[in-house]
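This is data_39.pdb. It holds PDB, C-alpha atoms and all ligand atoms.
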```
ATOM      1  CA  MET A1188      -6.420 137.385  18.465
ATOM      2  CA  ASN A1189      -7.771 138.589  21.803
ATOM      3  CA  SER A1190      -8.223 142.339  21.282
ATOM      4  CA  THR A1191      -7.517 144.347  24.421
ATOM      5  CA  ILE A1192      -6.957 147.785  22.898
ATOM      6  CA  VAL A1193      -9.039 147.784  19.736
ATOM      7  CA  LYS A1194     -12.689 147.362  20.738
ATOM      8  CA  LEU A1195     -15.415 146.125  18.422
ATOM      9  CA  GLU A1196     -19.102 146.872  18.879
ATOM     10  CA  ARG A1197     -21.942 145.996  16.518
ATOM     11  CA  GLN A1198     -25.108 147.913  15.757
ATOM     12  CA  GLY A1199     -26.804 145.647  13.252
ATOM     13  CA  ALA A1200     -24.942 145.793   9.955
ATOM     14  CA  ILE A1201     -22.589 148.488  11.261
ATOM     15  CA  ALA A1202     -19.347 147.822  13.158
ATOM     16  CA  ILE A1203     -17.868 150.460  15.458
ATOM     17  CA  VAL A1204     -14.123 149.958  15.936
ATOM     18  CA  THR A1205     -12.551 151.992  18.748
ATOM     19  CA  VAL A1206      -8.859 152.402  19.482
ATOM     20  CA  ASP A1207      -9.011 152.432  23.255
ATOM     21  CA  ARG A1208      -5.705 153.437  24.757
ATOM     22  CA  PRO A1209      -6.595 156.852  26.155
ATOM     23  CA  GLU A1210      -3.645 156.993  28.573
ATOM     24  CA  ALA A1211      -1.384 157.333  25.492
ATOM     25  CA  LEU A1212      -3.958 159.261  23.434
ATOM     26  CA  ASN A1213      -4.483 156.026  21.435
ATOM     27  CA  ALA A1214      -0.951 156.153  19.985
ATOM     28  CA  LEU A1215      -0.211 153.470  17.401
ATOM     29  CA  ASN A1216       2.244 150.772  18.415
ATOM     30  CA  LEU A1217       2.818 147.266  17.062
ATOM     31  CA  ARG A1218       0.132 145.860  19.362
ATOM     32  CA  VAL A1219      -2.467 148.350  18.094
ATOM     33  CA  PHE A1220      -1.553 147.535  14.476
ATOM     34  CA  ALA A1221      -1.859 143.784  15.158
ATOM     35  CA  GLU A1222      -5.266 144.239  16.781
ATOM     36  CA  LEU A1223      -6.550 146.577  14.056
ATOM     37  CA  GLU A1224      -5.455 144.072  11.437
ATOM     38  CA  SER A1225      -7.090 141.190  13.269
ATOM     39  CA  VAL A1226     -10.388 143.070  13.789
ATOM     40  CA  PHE A1227     -10.597 144.159  10.127
ATOM     41  CA  LEU A1228      -9.702 140.678   8.849
ATOM     42  CA  ASP A1229     -12.474 139.182  11.026
ATOM     43  CA  LEU A1230     -14.951 141.809   9.827
ATOM     44  CA  ALA A1231     -14.021 141.055   6.209
ATOM     45  CA  ARG A1232     -15.400 137.530   6.687
ATOM     46  CA  ASP A1233     -18.774 138.732   8.013
ATOM     47  CA  PRO A1234     -21.460 138.622   5.293
ATOM     48  CA  SER A1235     -23.894 140.751   7.324
ATOM     49  CA  LEU A1236     -21.500 143.722   7.613
ATOM     50  CA  ARG A1237     -22.239 146.848   5.544
ATOM     51  CA  ALA A1238     -20.051 149.647   6.957
ATOM     52  CA  VAL A1239     -17.458 150.378   9.623
ATOM     53  CA  ILE A1240     -16.983 153.434  11.844
ATOM     54  CA  LEU A1241     -13.449 153.899  13.170
ATOM     55  CA  THR A1242     -12.935 156.134  16.196
ATOM     56  CA  GLY A1243     -10.814 156.695  19.308
ATOM     57  CA  ALA A1244     -11.596 156.594  23.031
ATOM     58  CA  GLY A1245     -11.225 159.745  25.144
ATOM     59  CA  LYS A1246      -9.909 163.066  23.875
ATOM     60  CA  ALA A1247      -7.945 161.743  20.911
ATOM     61  CA  PHE A1248      -8.798 159.947  17.698
ATOM     62  CA  VAL A1249      -5.165 158.857  17.515
ATOM     63  CA  ALA A1250      -2.301 161.209  18.525
ATOM     64  CA  GLY A1251       0.221 159.536  16.242
ATOM     65  CA  ALA A1252       2.619 156.671  16.165
ATOM     66  CA  ASP A1253       3.843 155.752  19.641
ATOM     67  CA  ILE A1254       6.810 158.084  20.149
ATOM     68  CA  LYS A1255       7.965 156.138  23.212
ATOM     69  CA  GLU A1256       8.061 152.885  21.220
ATOM     70  CA  MET A1257       9.834 154.498  18.239
ATOM     71  CA  ALA A1258      12.388 156.558  20.151
ATOM     72  CA  ASP A1259      15.137 153.906  20.162
ATOM     73  CA  PHE A1260      14.542 152.490  16.671
ATOM     74  CA  GLY A1261      17.381 152.181  14.193
ATOM     75  CA  PRO A1262      16.710 152.457  10.439
ATOM     76  CA  ILE A1263      15.893 148.763  10.036
ATOM     77  CA  GLN A1264      13.261 148.751  12.775
ATOM     78  CA  ALA A1265      11.916 152.091  11.531
ATOM     79  CA  ARG A1266      11.475 150.687   8.009
ATOM     80  CA  ALA A1267       9.725 147.579   9.358
ATOM     81  CA  PHE A1268       7.455 149.749  11.536
ATOM     82  CA  ALA A1269       6.570 152.008   8.600
ATOM     83  CA  ARG A1270       5.810 148.977   6.393
ATOM     84  CA  ARG A1271       3.630 147.463   9.135
ATOM     85  CA  GLY A1272       1.632 150.661   9.528
ATOM     86  CA  GLN A1273       1.334 151.091   5.770
ATOM     87  CA  SER A1274       0.003 147.574   5.326
ATOM     88  CA  VAL A1275      -2.676 148.036   8.018
ATOM     89  CA  MET A1276      -3.688 151.360   6.480
ATOM     90  CA  ARG A1277      -3.894 149.755   3.031
ATOM     91  CA  LEU A1278      -6.079 146.998   4.532
ATOM     92  CA  ILE A1279      -8.474 149.676   5.801
ATOM     93  CA  GLU A1280      -8.310 151.712   2.591
ATOM     94  CA  SER A1281      -9.082 148.680   0.433
ATOM     95  CA  PHE A1282     -11.604 147.133   2.866
ATOM     96  CA  SER A1283     -14.628 145.874   0.908
ATOM     97  CA  HIS A1284     -17.113 148.069   2.762
ATOM     98  CA  PRO A1285     -16.945 151.797   3.533
ATOM     99  CA  VAL A1286     -14.908 152.801   6.561
ATOM    100  CA  ILE A1287     -15.902 156.157   8.088
ATOM    101  CA  ALA A1288     -13.448 157.915  10.390
ATOM    102  CA  ALA A1289     -15.301 159.464  13.350
ATOM    103  CA  VAL A1290     -12.591 161.938  14.329
ATOM    104  CA  ASN A1291     -13.412 162.697  17.944
ATOM    105  CA  GLY A1292     -10.216 164.554  18.912
ATOM    106  CA  PHE A1293      -6.521 164.762  18.015
ATOM    107  CA  ALA A1294      -5.709 163.143  14.653
ATOM    108  CA  LEU A1295      -1.978 163.759  14.502
ATOM    109  CA  GLY A1296       0.846 162.137  12.580
ATOM    110  CA  GLY A1297      -0.031 158.452  12.227
ATOM    111  CA  GLY A1298      -3.528 159.315  13.489
ATOM    112  CA  CYS A1299      -4.095 161.749  10.627
ATOM    113  CA  GLU A1300      -2.730 159.070   8.288
ATOM    114  CA  LEU A1301      -5.133 156.493   9.750
ATOM    115  CA  ALA A1302      -8.064 158.888   9.265
ATOM    116  CA  MET A1303      -6.949 159.473   5.663
ATOM    117  CA  ALA A1304      -6.940 155.730   4.992
ATOM    118  CA  CYS A1305     -10.680 155.773   5.748
ATOM    119  CA  ASP A1306     -13.194 156.611   3.004
ATOM    120  CA  PHE A1307     -14.242 159.894   4.572
ATOM    121  CA  ARG A1308     -13.824 161.823   7.779
ATOM    122  CA  ILE A1309     -16.643 163.157   9.930
ATOM    123  CA  ALA A1310     -15.153 165.177  12.773
ATOM    124  CA  SER A1311     -16.163 166.679  16.080
ATOM    125  CA  GLU A1312     -15.855 170.462  16.334
ATOM    126  CA  LYS A1313     -13.212 169.679  18.983
ATOM    127  CA  ALA A1314     -11.034 167.601  16.640
ATOM    128  CA  LYS A1315      -7.608 168.781  15.568
ATOM    129  CA  ALA A1316      -5.409 167.486  12.781
ATOM    130  CA  GLY A1317      -1.828 167.738  11.656
ATOM    131  CA  GLN A1318       1.381 166.054  10.650
ATOM    132  CA  PRO A1319       3.756 167.229  13.397
ATOM    133  CA  GLU A1320       6.519 164.714  12.612
ATOM    134  CA  VAL A1321       8.997 167.498  11.767
ATOM    135  CA  ASN A1322       8.914 168.471  15.457
ATOM    136  CA  LEU A1323      10.434 165.043  16.136
ATOM    137  CA  GLY A1324      12.944 165.164  13.302
ATOM    138  CA  VAL A1325      11.203 162.519  11.200
ATOM    139  CA  THR A1326       9.021 162.331   8.125
ATOM    140  CA  PRO A1327       5.577 160.718   8.152
ATOM    141  CA  GLY A1328       5.873 156.961   7.758
ATOM    142  CA  PHE A1329       2.383 155.643   7.050
ATOM    143  CA  GLY A1330       1.494 157.371   3.810
ATOM    144  CA  GLY A1331       1.200 160.958   5.097
ATOM    145  CA  THR A1332       3.384 162.420   2.372
ATOM    146  CA  GLN A1333       1.299 160.554  -0.204
ATOM    147  CA  ARG A1334      -2.372 160.467   0.850
ATOM    148  CA  LEU A1335      -2.355 164.024   2.249
ATOM    149  CA  ALA A1336      -1.073 165.519  -1.019
ATOM    150  CA  ARG A1337      -3.677 163.558  -2.977
ATOM    151  CA  LEU A1338      -6.453 164.647  -0.608
ATOM    152  CA  VAL A1339      -5.758 168.358  -0.040
ATOM    153  CA  GLY A1340      -3.336 169.178  -2.865
ATOM    154  CA  ARG A1341       0.404 169.449  -2.722
ATOM    155  CA  SER A1342       0.629 173.049  -1.412
ATOM    156  CA  GLN A1343      -1.580 172.489   1.623
ATOM    157  CA  ALA A1344       0.138 169.150   2.265
ATOM    158  CA  LYS A1345       3.560 170.788   2.122
ATOM    159  CA  TYR A1346       2.408 173.576   4.441
ATOM    160  CA  LEU A1347       1.186 171.054   7.027
ATOM    161  CA  LEU A1348       4.239 168.822   6.712
ATOM    162  CA  PHE A1349       6.832 171.625   6.743
ATOM    163  CA  THR A1350       5.316 173.603   9.644
ATOM    164  CA  GLY A1351       3.944 170.729  11.731
ATOM    165  CA  GLU A1352       1.013 173.041  12.511
ATOM    166  CA  ILE A1353      -1.927 171.482  14.307
ATOM    167  CA  ILE A1354      -5.060 172.848  12.681
ATOM    168  CA  SER A1355      -8.633 173.232  13.911
ATOM    169  CA  ALA A1356     -11.502 171.100  12.669
ATOM    170  CA  GLU A1357     -12.831 174.140  10.815
ATOM    171  CA  ARG A1358      -9.550 174.643   8.954
ATOM    172  CA  ALA A1359      -9.363 170.912   8.183
ATOM    173  CA  LEU A1360     -12.857 171.165   6.712
ATOM    174  CA  GLN A1361     -11.854 174.183   4.597
ATOM    175  CA  ILE A1362      -8.918 172.372   3.002
ATOM    176  CA  GLY A1363     -10.844 169.131   2.438
ATOM    177  CA  LEU A1364      -9.086 167.038   5.051
ATOM    178  CA  PHE A1365     -12.358 166.658   6.964
ATOM    179  CA  ASP A1366     -15.617 166.201   5.100
ATOM    180  CA  GLU A1367     -18.064 167.416   7.742
ATOM    181  CA  ILE A1368     -17.883 168.742  11.293
ATOM    182  CA  VAL A1369     -20.552 168.276  13.926
ATOM    183  CA  ALA A1370     -21.068 168.960  17.638
ATOM    184  CA  PRO A1371     -19.168 166.400  19.761
ATOM    185  CA  GLU A1372     -22.334 164.670  20.976
ATOM    186  CA  GLN A1373     -23.549 164.379  17.389
ATOM    187  CA  LEU A1374     -20.418 162.654  16.098
ATOM    188  CA  LEU A1375     -21.392 159.015  16.566
ATOM    189  CA  PRO A1376     -25.097 159.554  15.769
ATOM    190  CA  ARG A1377     -24.157 161.329  12.511
ATOM    191  CA  CYS A1378     -21.681 158.597  11.537
ATOM    192  CA  LEU A1379     -24.291 155.933  12.339
ATOM    193  CA  GLU A1380     -26.856 157.810  10.260
ATOM    194  CA  ILE A1381     -24.498 157.840   7.264
ATOM    195  CA  ALA A1382     -23.520 154.201   7.791
ATOM    196  CA  GLN A1383     -27.169 153.152   8.072
ATOM    197  CA  THR A1384     -28.012 154.962   4.842
ATOM    198  CA  ILE A1385     -25.165 153.109   3.134
ATOM    199  CA  ALA A1386     -26.427 149.831   4.650
ATOM    200  CA  THR A1387     -29.744 150.169   2.789
ATOM    201  CA  LYS A1388     -28.000 150.343  -0.616
ATOM    202  CA  GLY A1389     -26.808 147.531  -2.832
ATOM    203  CA  PRO A1390     -23.681 146.322  -0.990
ATOM    204  CA  VAL A1391     -21.899 145.038  -4.075
ATOM    205  CA  ALA A1392     -22.534 148.331  -5.859
ATOM    206  CA  VAL A1393     -21.209 150.299  -2.867
ATOM    207  CA  SER A1394     -18.138 148.111  -2.652
ATOM    208  CA  TYR A1395     -17.428 148.324  -6.402
ATOM    209  CA  SER A1396     -17.878 152.110  -6.342
ATOM    210  CA  LYS A1397     -15.285 152.339  -3.566
ATOM    211  CA  HIS A1398     -12.788 150.218  -5.475
ATOM    212  CA  ALA A1399     -13.425 152.021  -8.763
ATOM    213  CA  ILE A1400     -12.599 155.362  -7.121
ATOM    214  CA  ASN A1401      -9.559 154.004  -5.279
ATOM    215  CA  ILE A1402      -8.145 152.408  -8.431
ATOM    216  CA  GLY A1403      -9.270 155.215 -10.737
ATOM    217  CA  VAL A1404      -7.556 158.065  -8.907
ATOM    218  CA  GLU A1405      -4.229 156.288  -9.407
ATOM    219  CA  ALA A1406      -4.866 155.442 -13.080
ATOM    220  CA  THR A1407      -5.375 157.328 -16.322
ATOM    221  CA  LEU A1408      -8.961 158.361 -17.087
ATOM    222  CA  ALA A1409      -9.107 155.750 -19.861
ATOM    223  CA  GLN A1410      -7.887 152.964 -17.545
ATOM    224  CA  GLY A1411     -10.285 154.078 -14.821
ATOM    225  CA  GLN A1412     -13.175 154.024 -17.261
ATOM    226  CA  GLU A1413     -12.223 150.521 -18.446
ATOM    227  CA  TYR A1414     -12.308 149.360 -14.842
ATOM    228  CA  GLU A1415     -15.588 151.169 -14.204
ATOM    229  CA  ALA A1416     -17.202 149.540 -17.253
ATOM    230  CA  GLU A1417     -16.049 146.105 -16.089
ATOM    231  CA  LEU A1418     -17.463 146.608 -12.579
ATOM    232  CA  PHE A1419     -20.716 147.987 -14.021
ATOM    233  CA  ALA A1420     -20.972 144.821 -16.139
ATOM    234  CA  GLN A1421     -20.309 142.644 -13.075
ATOM    235  CA  THR A1422     -23.187 144.225 -11.160
ATOM    236  CA  PHE A1423     -25.528 142.759 -13.792
ATOM    237  CA  ALA A1424     -24.482 139.316 -12.569
ATOM    238  CA  THR A1425     -25.935 140.055  -9.104
ATOM    239  CA  GLN A1426     -29.368 139.403  -7.617
ATOM    240  CA  ASP A1427     -29.214 142.906  -6.215
ATOM    241  CA  GLN A1428     -29.280 144.454  -9.697
ATOM    242  CA  LYS A1429     -32.426 142.440 -10.547
ATOM    243  CA  GLU A1430     -33.982 143.397  -7.203
ATOM    244  CA  GLY A1431     -33.034 147.092  -7.404
ATOM    245  CA  MET A1432     -34.401 147.579 -10.897
ATOM    246  CA  ALA A1433     -37.535 145.440 -10.289
ATOM    247  CA  ALA A1434     -38.263 147.433  -7.114
ATOM    248  CA  PHE A1435     -37.958 150.707  -9.044
ATOM    249  CA  ILE A1436     -40.326 149.518 -11.754
ATOM    250  CA  LEU A1437     -42.846 148.137  -9.216
ATOM    251  CA  LYS A1438     -42.561 151.322  -7.112
ATOM    252  CA  ARG A1439     -41.574 149.489  -3.927
ATOM    253  CA  PRO A1440     -38.456 149.713  -1.728
ATOM    254  CA  ALA A1441     -35.602 147.429  -2.755
ATOM    255  CA  VAL A1442     -34.372 144.766  -0.357
ATOM    256  CA  PHE A1443     -30.723 144.020  -1.065
ATOM    257  CA  THR A1444     -28.938 140.895   0.149
ATOM    258  CA  GLY A1445     -25.444 141.357  -1.240
ATOM    259  CA  ALA A1446     -25.882 138.381  -3.557
TER     260      ALA A1446
HETATM  261  N1  LIG B   1       3.085 158.598  21.434
HETATM  262  C1  LIG B   1       3.195 158.167  22.712
HETATM  263  N2  LIG B   1       2.591 158.764  23.746
HETATM  264  C2  LIG B   1       1.835 159.837  23.480
HETATM  265  C3  LIG B   1       1.677 160.344  22.164
HETATM  266  C4  LIG B   1       2.322 159.670  21.105
HETATM  267  N3  LIG B   1       2.207 160.034  19.835
HETATM  268  N4  LIG B   1       0.883 161.436  22.228
HETATM  269  C5  LIG B   1       0.556 161.599  23.535
HETATM  270  N5  LIG B   1       1.130 160.646  24.274
HETATM  271  C6  LIG B   1       1.039 160.458  25.722
HETATM  272  C7  LIG B   1       1.789 161.553  26.464
HETATM  273  O1  LIG B   1       3.170 161.244  26.522
HETATM  274  C8  LIG B   1       1.128 161.500  27.820
HETATM  275  O2  LIG B   1       1.614 160.391  28.536
HETATM  276  P1  LIG B   1       2.140 160.542  30.073
HETATM  277  O3  LIG B   1       3.172 161.605  30.034
HETATM  278  O4  LIG B   1       0.882 160.939  30.829
HETATM  279  O5  LIG B   1       2.643 159.171  30.397
HETATM  280  C9  LIG B   1      -0.332 161.182  27.449
HETATM  281  O6  LIG B   1      -0.310 160.633  26.137
HETATM  282  C10 LIG B   1      -1.229 162.418  27.419
HETATM  283  O7  LIG B   1      -0.609 163.366  26.576
HETATM  284  P2  LIG B   1      -0.335 164.890  27.015
HETATM  285  O8  LIG B   1      -0.175 164.993  28.493
HETATM  286  O9  LIG B   1       0.776 165.398  26.176
HETATM  287  O10 LIG B   1      -1.729 165.573  26.606
HETATM  288  P3  LIG B   1      -1.967 167.087  26.202
HETATM  289  O11 LIG B   1      -3.447 167.239  26.116
HETATM  290  O12 LIG B   1      -1.194 168.018  27.091
HETATM  291  O13 LIG B   1      -1.349 167.233  24.734
HETATM  292  C11 LIG B   1      -0.977 166.557  22.426
HETATM  293  C12 LIG B   1      -1.925 166.567  23.673
HETATM  294  C13 LIG B   1      -1.628 165.651  21.375
HETATM  295  C14 LIG B   1      -0.862 167.977  21.882
HETATM  296  C15 LIG B   1       0.408 166.041  22.865
HETATM  297  O14 LIG B   1       0.245 164.820  23.599
HETATM  298  C16 LIG B   1       1.307 165.768  21.707
HETATM  299  O15 LIG B   1       1.879 166.710  21.161
HETATM  300  N6  LIG B   1       1.483 164.489  21.353
HETATM  301  C17 LIG B   1       2.375 164.086  20.307
HETATM  302  C18 LIG B   1       1.718 164.343  18.985
HETATM  303  C19 LIG B   1       2.641 163.965  17.865
HETATM  304  O16 LIG B   1       3.757 164.490  17.743
HETATM  305  N7  LIG B   1       2.173 163.047  16.999
HETATM  306  C20 LIG B   1       2.946 162.591  15.919
HETATM  307  C21 LIG B   1       3.683 161.390  16.390
HETATM  308  S1  LIG B   1       4.913 160.937  15.228
HETATM  309  C22 LIG B   1       7.799 156.369  10.608
HETATM  310  C23 LIG B   1       6.734 155.703  11.113
HETATM  311  C24 LIG B   1       5.733 156.414  11.652
HETATM  312  C25 LIG B   1       5.815 157.784  11.745
HETATM  313  C26 LIG B   1       6.886 158.416  11.233
HETATM  314  C27 LIG B   1       7.887 157.731  10.643
HETATM  315  N8  LIG B   1       8.850 155.597  10.073
HETATM  316  C28 LIG B   1       9.048 154.297  10.578
HETATM  317  C29 LIG B   1       9.687 156.178   9.026
HETATM  318  C30 LIG B   1       4.762 158.463  12.392
HETATM  319  C31 LIG B   1       5.103 159.411  13.266
HETATM  320  C32 LIG B   1       4.143 159.978  14.145
HETATM  321  O17 LIG B   1       2.956 159.761  14.126
END
```
What do you get writing this file as structure tokens?
Amino acid sequence: MNSTIVKLERQGAIAIVTVDRPEALNALNLRVFAELESVFLDLARDPSLRAVILTGAGKAFVAGADIKEMADFGPIQARAFARRGQSVMRLIESFSHPVIAAVNGFALGGGCELAMACDFRIASEKAKAGQPEVNLGVTPGFGGTQRLARLVGRSQAKYLLFTGEIISAERALQIGLFDEIVAPEQLLPRCLEIAQTIATKGPVAVSYSKHAINIGVEATLAQGQEYEAELFAQTFATQDQKEGMAAFILKRPAVFTGA
């Protein structure tokens, strides 16, 4: 697909994906979902990729689902739209490599949900977050009632969902919605620094760790540990395990290939 809204830039093993629709504060419509899906599916086939940074152009990360597109929906279209958004967010959440949200500005409604589908959220001091759907007479549709409660606990999630309050980056950091806040000009450099650190590690091990956490938080501790043991065993079938342990013993840096 020819992406016109979702822009892809590469810096070595790192991909920077930007939702670039600033005139609508990067609001999510069917076109944006199609382009996000297409970009992530292409990236999934790239063996040199190690991490993705997801951000927005202009003053918003993403200011929500596109209210103008949704306004005339009936229940059938609304359900289809919610399912579409959920499937793209699951694609990002389960993407083989880490996806870091670089929250540059407003992350509201569907934008907060998109940020939550990423592995962690580094935010500009200027960022703001919230689930203001109640102002529009709707509930969140892309996992906001589910991921938010899992991330910040049910009380904070209920507070945000019931009041629709838009909170500062500092408050989002306090409740665990954001993981770190930095000066605006430091946002991309900091995300690149984290992504580049990740890129030097064993890629299979990073990927398995991501999946073990994602699966484990939804499972019992015993089931999660079973899964963890299986993935640990699988890493011993990789070249990277031989390389990582040999490098440690020989006191030299490891060079991982993802094989
Ligand atoms: N959708 C469409 N256009 C948007 C938008 C959005 N979410 N947010 C902003 N825009 C547009 C504005 O309409 C304006 O366009 P023009 O009027 O210039 O044509 C342009 O972006 C610039 O916005 P403002 O002029 O309003 O900029 P300000 O700096 O004054 O205000 C703001 C920024 C973020 C505080 C304000 O724009 C705002 O309140 N935006 C709406 C935020 C919001 O309510 N987000 C949640 C959206 S609802 C579901 C599926 C999905 C969902 C729910 C259910 N089902 C199917 C069940 C998800 C819902 C949402 O995400």
Distance filter 7 Å around ligand LIG 1 (chain B), atoms: all atoms listed in the file, out as a short mmCIF file (atom, residue, chain, number, x, y, z; two decimals) with C-alpha atoms, in the coordinates of the input:
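Contents of result-v3.cif, freshly written:
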```
data_model
loop_
_atom_site.label_atom_id
_atom_site.label_comp_id
_atom_site.auth_asym_id
_atom_site.auth_seq_id
_atom_site.Cartn_x
_atom_site.Cartn_y
_atom_site.Cartn_z
CA GLU A 1210 -3.64 156.99 28.57
CA ALA A 1211 -1.38 157.33 25.49
CA LEU A 1212 -3.96 159.26 23.43
CA ALA A 1214 -0.95 156.15 19.98
CA ALA A 1250 -2.30 161.21 18.52
CA GLY A 1251 0.22 159.54 16.24
CA ALA A 1252 2.62 156.67 16.16
CA ASP A 1253 3.84 155.75 19.64
CA ILE A 1254 6.81 158.08 20.15
CA LYS A 1255 7.96 156.14 23.21
CA ALA A 1265 11.92 152.09 11.53
CA ARG A 1266 11.48 150.69 8.01
CA ALA A 1267 9.72 147.58 9.36
CA PHE A 1268 7.46 149.75 11.54
CA ALA A 1269 6.57 152.01 8.60
CA PHE A 1293 -6.52 164.76 18.02
CA LEU A 1295 -1.98 163.76 14.50
CA GLY A 1296 0.85 162.14 12.58
CA GLY A 1297 -0.03 158.45 12.23
CA GLY A 1298 -3.53 159.32 13.49
CA GLN A 1318 1.38 166.05 10.65
CA PRO A 1319 3.76 167.23 13.40
CA GLU A 1320 6.52 164.71 12.61
CA ASN A 1322 8.91 168.47 15.46
CA LEU A 1323 10.43 165.04 16.14
CA VAL A 1325 11.20 162.52 11.20
CA THR A 1326 9.02 162.33 8.12
CA PRO A 1327 5.58 160.72 8.15
CA GLY A 1328 5.87 156.96 7.76
CA PHE A 1329 2.38 155.64 7.05
#
```
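Counting from atom CA of A:Thr1422, the distance to atom CA of A:Arg1237 is 16.9 Å.
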The centre and edge lengths of an axis-aligned box containing all atoms of stretch 1322-1328 of chain A present in the file, extended by 6 Å on each side, are to be given in Å to one decimal, as AutoDock Vina command-line options.
```
--center_x 9.3 --center_y 162.7 --center_z 11.9 --size_x 19.4 --size_y 23.5 --size_z 20.4
```
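Here atom CA of A:Lys1315 stands at a distance of 18.4 Å from atom CA of A:Arg1377.
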For the contact check between stretch 1308-1426 of chain A and stretch 1270-1283 of chain A, emit one row per residue of stretch 1308-1426 of chain A within 8 Å, containing the shortest atom pair and the distance in Å rounded to one decimal, counting only C-alpha atoms, chain then rising number order, as a Markdown table.
```
| residue | atom | partner | partner_atom | distance |
| --- | --- | --- | --- | --- |
| A:Gly1328 | CA | A:Gln1273 | CA | 7.7 |
| A:Phe1329 | CA | A:Gln1273 | CA | 4.8 |
| A:Gly1330 | CA | A:Gln1273 | CA | 6.6 |
| A:Ser1394 | CA | A:Ser1283 | CA | 5.5 |
| A:Lys1397 | CA | A:Ser1283 | CA | 7.9 |
| A:His1398 | CA | A:Ser1281 | CA | 7.1 |
| A:Asn1401 | CA | A:Ser1281 | CA | 7.8 |
```
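We find atom CA of A:Leu1418 and atom CA of A:Glu1430 to be spaced 17.7 Å apart.
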A:Ala1244 environment, 7 Å, only C-alpha atoms, sequence neighbours closer than 3 positions dropped, as a list in words: Thr1205, Val1206, Asp1207, Arg1208, Pro1209, Ala1247 and Phe1248 of chain A
Using only C-alpha atoms: which of A:Gly1411, A:Gly1245, A:Pro1371, A:Gly1331 has the shortest distance to A:Met1303: A:Gly1331
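Between A:Ala1304 and the candidates A:Leu1241, A:Ala1359, A:Leu1374, A:Leu1408, the tightest atom-to-atom separation, counting all atoms listed in the file, involves A:Leu1241.
Of the residues listed (A:Phe1435, A:Ile1240, A:Asn1291, A:Val1339), A:Ile1240 shows the shortest atom-to-atom separation from A:Glu1196; distances use only C-alpha atoms.
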Expected answer as number ranges by chain: all residues with atoms within 12 Å of (4.6, 173.5, 8.6), only C-alpha atoms: A: 1317-1322, 1342-1354
